[in-house]
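Written below as structure tokens is the structure these notes are about.
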2 protein chains.
Amino acid sequence: MEIISDPQDMRGRARQWRGLGLKVVLAPTMGFFHRGHVSLMEYGKTIGDRLVVSLFVNPAQFGPQEDLGRYPRDLDRDVRLAREVGVDCLYTPEAKAMYPPGYQTFVAVESLSQGLCGASRPGHFRGVATVVLKLLNQVSPQVAVFGEKDYQQLMVVKRMAADLDVPIKIVGRPIVREPDGLAMSSRNTYLTPEERAAALCLYRALVAARELVASGARSRENILAAVRQIINAAPGARIDYAALVDPATLQDVEAIRGEARLLLAVWVNKTRLIDNTLLSESRLCCV
Amino acid sequence: MEIISDPQDMRGRARQWRGLGLKVVLAPTMGFFHRGHVSLMEYGKTIGDRLVVSLFVNPAQFGPQEDLGRYPRDLDRDVRLAREVGVDCLYTPEAKAMYPPGYQTFVAVESLSQGLCGASRPGHFRGVATVVLKLLNQVSPQVAVFGEKDYQQLMVVKRMAADLDVPIKIVGRPIVREPDGLAMSSRNTYLTPEERAAALCLYRALVAARELVASGARSRENILAAVRQIINAAPGARIDYAALVDPATLQDVEAIRGEARLLLAVWVNKTRLIDNTLLSESRLCCV
């Protein structure tokens with residue numbers, strides 16, 4: 001596995017691959033790999049000739065009061081894991097190479113970025129859209145893969161790529177969970193054992209919502225009431241948002257017609273966790 | 001000459017050229033070609049294998065009170081001219097293809113867009129940066145050429161491409177003028193004969209500034225005083241801005257050290273004209 005830090009070197013390697021007619025896949029990450037990342041990588045390997053995993057804790061997507069400084073990092077372990085999975089290139093640019101002095105260009109996806117995580121994290125999706133576009137331009141992959149846990153992010157990135165005519169396919173991959181249902185997240189490492197137990201309330205709320213829908217519930221009011229009750233019962237849990245939205249536009253829906261997405265953001269003491277699931281009238285789908 | 005309107009067709013043709021190893025050059029325009037455009041095209045032909053001229057009057061760069069509706073258009077004449085120059089492809093996308101329903105992504109180059117034309121035309125450079133990035137992604141040229149008359153635009157586009165890692169070279173080309181010095185502009189067509197005469201004040205002010213510098217003047221105060229005097233003496237002329245700036249950052253300079261750029265925007269009755277020149281301590285350069 002090749003490790004590249006310099007954007008110019010990355011671009012050179014990408015150009016070389018393109019010249020050879022190879023299909024390049026990119027999985028953008030912030031590192032501190034867990035099984036969610038590994039699942040993205042394993043999938044990425046099956047669909048292309050070269051898999052690049054970028055590892056960049058992007059300052060532009062963290063607010064001034066957020067956890068940029070303490071975001072978990074373990075490059076040695078990440079290198080080992082990526083190598084084991086068979087990643088071809090781990091791309092680890094430095095912040096000063098991504099945002100050199102005088103840097104001033106930002107990409108905003110307006111409507112999709114406004115509510116949900118965008119409401120509690122102003123500027124977050126601007127930072128995400130900007131860095132993803134930069135990575136796409138540096139690596140020029142034919143496909144980029146993202147996890148569905150960050151569902152709003154996935155929609156923002158898809159929209160950005162479509163709106164700006166970036167010649168790429170953006171693919172979302174299912175959430176990977178711990179055996180007890182907690183969605184894999186690098187931020188789980190912040191949780192104490194008590195908080196880790198409380199954090200299960202997100203998964204429990206999603207499962208309850210799915211069961212409600214399976215038993216015929218359709219209205220936003222009923223579904224969100226059940227969700228809120230479950231989360232509020234967990235010690236230290238505080239709902240940032242619980243939303244039932246159209247899967248494409250992320251606009252609130254009053255009732256499930258066809259498909260809707262249930263999106264959750266919950267503070268467990270000082271750690272903010274997100275999770276989501278598809279709710280479908282017509283078919284069973286796993287959380 | 002091929003005329004392509006559909007972005008998918010344009011992308012397909014560009015992909016084909018790239019596959020053949022051809023060097024593609026793009027000259028983005030809003031049409032109503034004059035000798036300034038022709039000079040961009042002629043230059044573009046000398047530096048690549050295929051020259052694409054895009055013709056798109058971009059709604060996103062016009063403010064609600066601006067001249068989008070009456071911006072001059074003459075497609076038949078433009079087609080004839082482009083064919084005469086030897087353009088390979090005239091790309092004429094429609095607004096509804098560039099900004100389909102649900103479109104919501106915009107690119108902002110922050111500091112460079114703020115003063116000068118950005119101050120009088122809020123959102124203008126956001127629209128410019130966005131459409132240029134879209135065109136670059138659709139046509140994927142190795143080089144894109146822009147006129148220096150829109151000097152701030154050129155700097156914004158260069159910065160955008162560099163910041164977002166777009167693999168392209170952005171080239172600025174000298175202003176082309178009428179025999180009496182008026183900078184070529186599609187908006188010159190708005191001028192009555194009296195206004196056309198008054199509009200010469202921009203060129204006269206630039207020439208006077210250059211002569212002042214040649215005779216030893218360096219201070220912003222002296223240079224702009226002379227410029228203002230000349231423009232204010234022209235009937236119907238009203239200065240929007242007259243600025244002496246660093247050529248790269250577009251920040252005001254107090255005096256010329258090395259090189260500065262003199263930038264003008266002047267209303268002649270209801271028509272807003274811009275022009276600019278390099279002012280250099282050390283070498284003579286033509287306006």
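Following the order of the structure tokens, chains are lettered A, B, ..., residues in each are numbered from 1, and ligands are numbered from 1.
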
Residues of chain A within 8 Å of chain B, counting only C-alpha atoms, as a ChimeraX atom specification: /A:99,103-111,130,133-134,137-138,159-160,163-167

Can I get the selection written as a PDB file, in the first residue's frame, with C-alpha atoms?
ATOM      1  CA  TYR A  99      -5.943  25.124   2.798  1.00  0.00           C
ATOM      2  CA  TYR A 103      -7.332  29.929   0.588  1.00  0.00           C
ATOM      3  CA  GLN A 104     -10.833  31.391   0.203  1.00  0.00           C
ATOM      4  CA  THR A 105     -13.097  29.221  -1.955  1.00  0.00           C
ATOM      5  CA  PHE A 106     -16.069  27.376  -0.495  1.00  0.00           C
ATOM      6  CA  VAL A 107     -18.863  25.293  -1.955  1.00  0.00           C
ATOM      7  CA  ALA A 108     -22.349  25.594  -0.490  1.00  0.00           C
ATOM      8  CA  VAL A 109     -25.241  23.239  -1.164  1.00  0.00           C
ATOM      9  CA  GLU A 110     -27.977  25.491   0.038  1.00  0.00           C
ATOM     10  CA  SER A 111     -31.304  23.895   0.849  1.00  0.00           C
ATOM     11  CA  THR A 130     -15.661  21.932  -0.190  1.00  0.00           C
ATOM     12  CA  LEU A 133     -14.882  18.502  -4.149  1.00  0.00           C
ATOM     13  CA  LYS A 134     -11.169  19.122  -3.551  1.00  0.00           C
ATOM     14  CA  ASN A 137     -10.439  16.880  -8.092  1.00  0.00           C
ATOM     15  CA  GLN A 138      -7.179  15.632  -6.593  1.00  0.00           C
ATOM     16  CA  ARG A 159     -26.273  17.049  -4.904  1.00  0.00           C
ATOM     17  CA  MET A 160     -22.985  18.935  -5.070  1.00  0.00           C
ATOM     18  CA  ASP A 163     -25.114  20.335  -9.594  1.00  0.00           C
ATOM     19  CA  LEU A 164     -21.471  21.076 -10.407  1.00  0.00           C
ATOM     20  CA  ASP A 165     -21.310  18.439 -13.170  1.00  0.00           C
ATOM     21  CA  VAL A 166     -18.513  16.520 -11.506  1.00  0.00           C
ATOM     22  CA  PRO A 167     -18.066  13.400 -13.653  1.00  0.00           C
TER      23      PRO A 167
END

Spatial neighbours of Glu194 (chain A), 10 Å, only C-alpha atoms, chain gap at least 2 places, as a PyMOL selection string: chain A and resi 191-192+196-199+235-236+268

Just the selected residues (N, CA and C atoms), exported as a compact mmCIF listing (two decimals), in the first residue's frame, please.
# COMPACT_ATOMS: atom_id res chain seq x y z
N LEU A 191 -17.34 7.90 24.55
CA LEU A 191 -18.38 7.49 25.52
C LEU A 191 -17.80 6.71 26.71
N THR A 192 -18.24 7.05 27.91
CA THR A 192 -17.96 6.23 29.09
C THR A 192 -18.84 4.98 29.00
N ARG A 196 -22.15 4.76 26.90
CA ARG A 196 -22.25 3.75 25.83
C ARG A 196 -23.56 3.00 25.94
N ALA A 197 -23.98 2.69 27.16
CA ALA A 197 -25.27 2.01 27.37
C ALA A 197 -26.43 2.92 26.97
N ALA A 198 -26.33 4.18 27.41
CA ALA A 198 -27.41 5.13 27.10
C ALA A 198 -27.51 5.37 25.59
N ALA A 199 -26.35 5.33 24.90
CA ALA A 199 -26.31 5.64 23.47
C ALA A 199 -27.13 4.66 22.63
N PRO A 235 -30.58 7.80 30.26
CA PRO A 235 -29.90 8.77 31.13
C PRO A 235 -28.85 9.58 30.37
N GLY A 236 -28.94 10.91 30.50
CA GLY A 236 -27.95 11.78 29.86
C GLY A 236 -28.24 12.09 28.41
N VAL A 268 -25.41 12.59 24.05
CA VAL A 268 -25.31 11.76 25.25
C VAL A 268 -24.25 12.47 26.11

Length of the CA of Ile170 (chain A) to CA of Leu154 (chain A) vector [Å]: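 About the pair CA of Ile170 (chain A) and CA of Leu154 (chain A): they are 8.2 Å apart.
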
Ala209 (chain B) environment, 8 Å, only C-alpha atoms, sequence neighbours closer than 3 positions dropped, as a PyMOL selection string: chain B and resi 205-206+212-213+223-224+226-227+279

Expected file: the selected residues, N, CA and C atoms, as an mmCIF file, in the first residue's frame:
data_model
loop_
_atom_site.group_PDB
_atom_site.id
_atom_site.type_symbol
_atom_site.label_atom_id
_atom_site.label_comp_id
_atom_site.auth_asym_id
_atom_site.auth_seq_id
_atom_site.Cartn_x
_atom_site.Cartn_y
_atom_site.Cartn_z
ATOM 1 N N ALA B 205 -8.592 58.172 -18.730
ATOM 2 C CA ALA B 205 -8.134 58.150 -17.333
ATOM 3 C C ALA B 205 -7.004 57.136 -17.152
ATOM 4 N N LEU B 206 -7.130 55.983 -17.816
ATOM 5 C CA LEU B 206 -6.061 54.969 -17.711
ATOM 6 C C LEU B 206 -4.760 55.489 -18.313
ATOM 7 N N LEU B 212 1.224 59.630 -15.684
ATOM 8 C CA LEU B 212 1.634 60.094 -14.350
ATOM 9 C C LEU B 212 2.700 59.175 -13.755
ATOM 10 N N VAL B 213 2.466 57.893 -13.864
ATOM 11 C CA VAL B 213 3.426 56.931 -13.302
ATOM 12 C C VAL B 213 4.759 57.024 -14.048
ATOM 13 N N ILE B 223 -2.697 59.620 -8.149
ATOM 14 C CA ILE B 223 -3.155 58.925 -9.355
ATOM 15 C C ILE B 223 -4.677 58.917 -9.433
ATOM 16 N N LEU B 224 -5.324 58.581 -8.307
ATOM 17 C CA LEU B 224 -6.791 58.511 -8.345
ATOM 18 C C LEU B 224 -7.424 59.885 -8.488
ATOM 19 N N ALA B 226 -6.295 62.334 -10.341
ATOM 20 C CA ALA B 226 -6.267 62.633 -11.777
ATOM 21 C C ALA B 226 -7.329 61.826 -12.513
ATOM 22 N N VAL B 227 -7.433 60.557 -12.140
ATOM 23 C CA VAL B 227 -8.419 59.668 -12.773
ATOM 24 C C VAL B 227 -9.831 60.202 -12.546
ATOM 25 N N LEU B 279 -0.223 49.190 -13.887
ATOM 26 C CA LEU B 279 0.687 50.316 -13.679
ATOM 27 C C LEU B 279 1.957 49.750 -13.076
#

Gap from CA of Pro247 (chain B) to CA of Leu263 (chain B) - Å, one decimal: 9.9 Å

Residues near Ile274 (chain A), cut-off 9 Å, only C-alpha atoms, skip fewer than 2 positions along chain, as a CSV table (one decimal) with C-alpha atoms, in the first residue's frame:
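Result file around_31.csv:
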chain,number,residue,atom,x,y,z
A,117,CYS,CA,-27.1,18.7,11.3
A,149,LYS,CA,-24.8,7.0,8.8
A,150,ASP,CA,-24.0,10.6,7.7
A,183,ALA,CA,-23.9,2.6,14.8
A,185,SER,CA,-18.7,6.0,14.7
A,202,LEU,CA,-30.8,5.8,19.1
A,263,LEU,CA,-33.0,10.9,11.1
A,264,LEU,CA,-31.7,11.3,14.7
A,265,ALA,CA,-29.1,13.5,16.4
A,266,VAL,CA,-28.8,12.9,20.1
A,267,TRP,CA,-26.4,14.3,22.7
A,272,ARG,CA,-23.3,14.1,19.8
A,276,ASN,CA,-30.9,7.0,10.8

Long-range neighbours of Arg18 (chain B) as a PyMOL selection string, 12 Å cut-off, only C-alpha atoms, 2 positions minimum in chain: (chain A and resi 18-19+21) or (chain B and resi 11-16+20-25+49-50+139-142)

8 Å contact set for region 41-45 of chain B, only C-alpha atoms, chain neighbours under 4 positions out, as a VMD selection string: chain B and resid 25 to 27 37 49 to 51 53 82 85 to 87 145

CA of Thr92 (chain B) to CA of Leu182 (chain B), distance in Å rounded to a single decimal: 28.1 Å

In region 82-279 of chain B, DSSP strand (DSSP E or B) residues written as a ChimeraX atom specification: /B:89-91,105-109,143-147,169-173,177,183,219,237-245,252,255,259-268,271-279

Preceding selection exported with N, CA and C atoms as a short mmCIF file (atom, residue, chain, number, x, y, z; two decimals), in the first residue's frame:
data_model
loop_
_atom_site.label_atom_id
_atom_site.label_comp_id
_atom_site.auth_asym_id
_atom_site.auth_seq_id
_atom_site.Cartn_x
_atom_site.Cartn_y
_atom_site.Cartn_z
N CYS B 89 -15.96 23.86 -31.66
CA CYS B 89 -17.26 23.56 -31.07
C CYS B 89 -17.81 24.78 -30.35
N LEU B 90 -19.00 25.17 -30.72
CA LEU B 90 -19.70 26.24 -30.01
C LEU B 90 -20.68 25.55 -29.07
N TYR B 91 -20.49 25.79 -27.78
CA TYR B 91 -21.30 25.10 -26.77
C TYR B 91 -22.32 26.09 -26.21
N THR B 105 -26.38 24.46 -5.65
CA THR B 105 -24.97 24.50 -5.26
C THR B 105 -24.25 25.71 -5.84
N PHE B 106 -23.56 26.43 -4.98
CA PHE B 106 -22.87 27.64 -5.43
C PHE B 106 -21.47 27.69 -4.87
N VAL B 107 -20.58 28.28 -5.66
CA VAL B 107 -19.17 28.37 -5.30
C VAL B 107 -18.85 29.83 -5.00
N ALA B 108 -18.29 30.08 -3.84
CA ALA B 108 -17.95 31.45 -3.46
C ALA B 108 -16.46 31.58 -3.23
N VAL B 109 -15.86 32.56 -3.90
CA VAL B 109 -14.46 32.91 -3.66
C VAL B 109 -14.53 34.18 -2.80
N VAL B 143 -6.90 24.00 -20.72
CA VAL B 143 -6.67 25.44 -20.57
C VAL B 143 -7.99 26.16 -20.78
N ALA B 144 -8.23 27.20 -19.97
CA ALA B 144 -9.38 28.07 -20.23
C ALA B 144 -8.87 29.51 -20.32
N VAL B 145 -9.39 30.25 -21.30
CA VAL B 145 -8.90 31.61 -21.54
C VAL B 145 -9.99 32.63 -21.24
N PHE B 146 -9.58 33.71 -20.59
CA PHE B 146 -10.49 34.78 -20.19
C PHE B 146 -9.85 36.12 -20.54
N GLY B 147 -10.69 37.11 -20.82
CA GLY B 147 -10.17 38.45 -21.12
C GLY B 147 -9.81 39.19 -19.84
N LYS B 169 -5.29 25.07 -16.45
CA LYS B 169 -4.55 26.34 -16.48
C LYS B 169 -5.51 27.44 -16.91
N ILE B 170 -5.58 28.50 -16.12
CA ILE B 170 -6.42 29.65 -16.47
C ILE B 170 -5.51 30.73 -17.02
N VAL B 171 -5.82 31.21 -18.23
CA VAL B 171 -4.97 32.20 -18.90
C VAL B 171 -5.76 33.49 -19.12
N GLY B 172 -5.16 34.61 -18.74
CA GLY B 172 -5.76 35.92 -19.03
C GLY B 172 -5.16 36.50 -20.29
N ARG B 173 -5.98 37.15 -21.10
CA ARG B 173 -5.51 37.73 -22.36
C ARG B 173 -5.79 39.23 -22.37
N ARG B 177 -9.20 46.86 -27.78
CA ARG B 177 -9.85 48.18 -27.76
C ARG B 177 -10.29 48.61 -29.15
N ALA B 183 -12.56 50.11 -24.51
CA ALA B 183 -12.42 48.66 -24.39
C ALA B 183 -13.62 47.98 -25.02
N SER B 219 1.88 57.70 -5.73
CA SER B 219 0.89 57.63 -4.65
C SER B 219 -0.52 57.46 -5.19
N ALA B 237 -21.12 60.79 -16.95
CA ALA B 237 -20.29 59.75 -16.34
C ALA B 237 -20.32 59.86 -14.82
N ARG B 238 -20.46 58.72 -14.17
CA ARG B 238 -20.48 58.68 -12.71
C ARG B 238 -19.62 57.49 -12.27
N ILE B 239 -18.65 57.78 -11.42
CA ILE B 239 -17.73 56.72 -11.00
C ILE B 239 -18.43 55.75 -10.04
N ASP B 240 -18.39 54.48 -10.37
CA ASP B 240 -18.80 53.46 -9.39
C ASP B 240 -17.61 53.19 -8.48
N TYR B 241 -16.47 52.86 -9.07
CA TYR B 241 -15.23 52.83 -8.28
C TYR B 241 -14.04 53.13 -9.18
N ALA B 242 -13.01 53.69 -8.55
CA ALA B 242 -11.70 53.85 -9.19
C ALA B 242 -10.73 53.38 -8.12
N ALA B 243 -10.02 52.29 -8.40
CA ALA B 243 -9.24 51.64 -7.34
C ALA B 243 -7.84 51.32 -7.83
N LEU B 244 -6.89 51.53 -6.94
CA LEU B 244 -5.50 51.14 -7.21
C LEU B 244 -5.20 49.97 -6.28
N VAL B 245 -4.97 48.81 -6.89
CA VAL B 245 -4.94 47.59 -6.07
C VAL B 245 -3.72 46.73 -6.37
N ASP B 252 -6.47 47.33 -1.81
CA ASP B 252 -5.98 48.68 -2.09
C ASP B 252 -4.51 48.81 -1.72
N ALA B 255 0.51 53.09 -2.51
CA ALA B 255 1.42 53.61 -3.53
C ALA B 255 1.85 52.44 -4.41
N GLU B 259 4.35 46.64 -9.07
CA GLU B 259 3.21 46.74 -9.96
C GLU B 259 1.91 46.93 -9.20
N ALA B 260 1.00 47.66 -9.79
CA ALA B 260 -0.36 47.77 -9.25
C ALA B 260 -1.32 47.72 -10.43
N ARG B 261 -2.57 47.49 -10.12
CA ARG B 261 -3.58 47.48 -11.17
C ARG B 261 -4.56 48.61 -10.88
N LEU B 262 -4.83 49.41 -11.89
CA LEU B 262 -5.84 50.46 -11.77
C LEU B 262 -7.13 49.92 -12.37
N LEU B 263 -8.16 49.88 -11.54
CA LEU B 263 -9.44 49.30 -11.98
C LEU B 263 -10.53 50.35 -11.94
N LEU B 264 -11.31 50.43 -12.99
CA LEU B 264 -12.38 51.43 -13.08
C LEU B 264 -13.72 50.77 -13.38
N ALA B 265 -14.75 51.30 -12.72
CA ALA B 265 -16.14 51.00 -13.13
C ALA B 265 -16.86 52.33 -13.15
N VAL B 266 -17.47 52.61 -14.27
CA VAL B 266 -18.07 53.94 -14.48
C VAL B 266 -19.44 53.77 -15.12
N TRP B 267 -20.41 54.42 -14.54
CA TRP B 267 -21.72 54.51 -15.18
C TRP B 267 -21.69 55.64 -16.20
N VAL B 268 -22.11 55.33 -17.42
CA VAL B 268 -22.37 56.40 -18.39
C VAL B 268 -23.88 56.38 -18.57
N THR B 271 -25.58 52.85 -18.40
CA THR B 271 -24.71 51.74 -18.79
C THR B 271 -23.46 51.74 -17.92
N ARG B 272 -23.16 50.57 -17.38
CA ARG B 272 -22.00 50.46 -16.50
C ARG B 272 -20.86 49.82 -17.28
N LEU B 273 -19.74 50.54 -17.33
CA LEU B 273 -18.59 50.06 -18.10
C LEU B 273 -17.41 49.83 -17.15
N ILE B 274 -16.59 48.83 -17.47
CA ILE B 274 -15.38 48.63 -16.67
C ILE B 274 -14.16 48.62 -17.58
N ASP B 275 -13.03 48.92 -16.99
CA ASP B 275 -11.77 48.92 -17.73
C ASP B 275 -10.64 48.86 -16.70
N ASN B 276 -9.45 48.55 -17.14
CA ASN B 276 -8.33 48.50 -16.19
C ASN B 276 -7.02 48.48 -16.92
N THR B 277 -5.97 48.75 -16.18
CA THR B 277 -4.63 48.65 -16.76
C THR B 277 -3.62 48.32 -15.66
N LEU B 278 -2.52 47.76 -16.11
CA LEU B 278 -1.39 47.54 -15.21
C LEU B 278 -0.61 48.84 -15.09
N LEU B 279 -0.22 49.19 -13.89
CA LEU B 279 0.69 50.32 -13.68
C LEU B 279 1.96 49.75 -13.08
#

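With only C-alpha atoms as the atoms that count, the residue of A:Gly36, A:Gly31, A:Gly118, A:Pro93 with the shortest distance to Leu75 (chain A) is A:Gly31.
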
Among listed residues B:Gly115, B:Gly258, B:Pro174, B:Gly48, nearest Arg35 (chain B) (using only C-alpha atoms):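 Of the candidates, the smallest distance to Arg35 (chain B) is held by B:Pro174.
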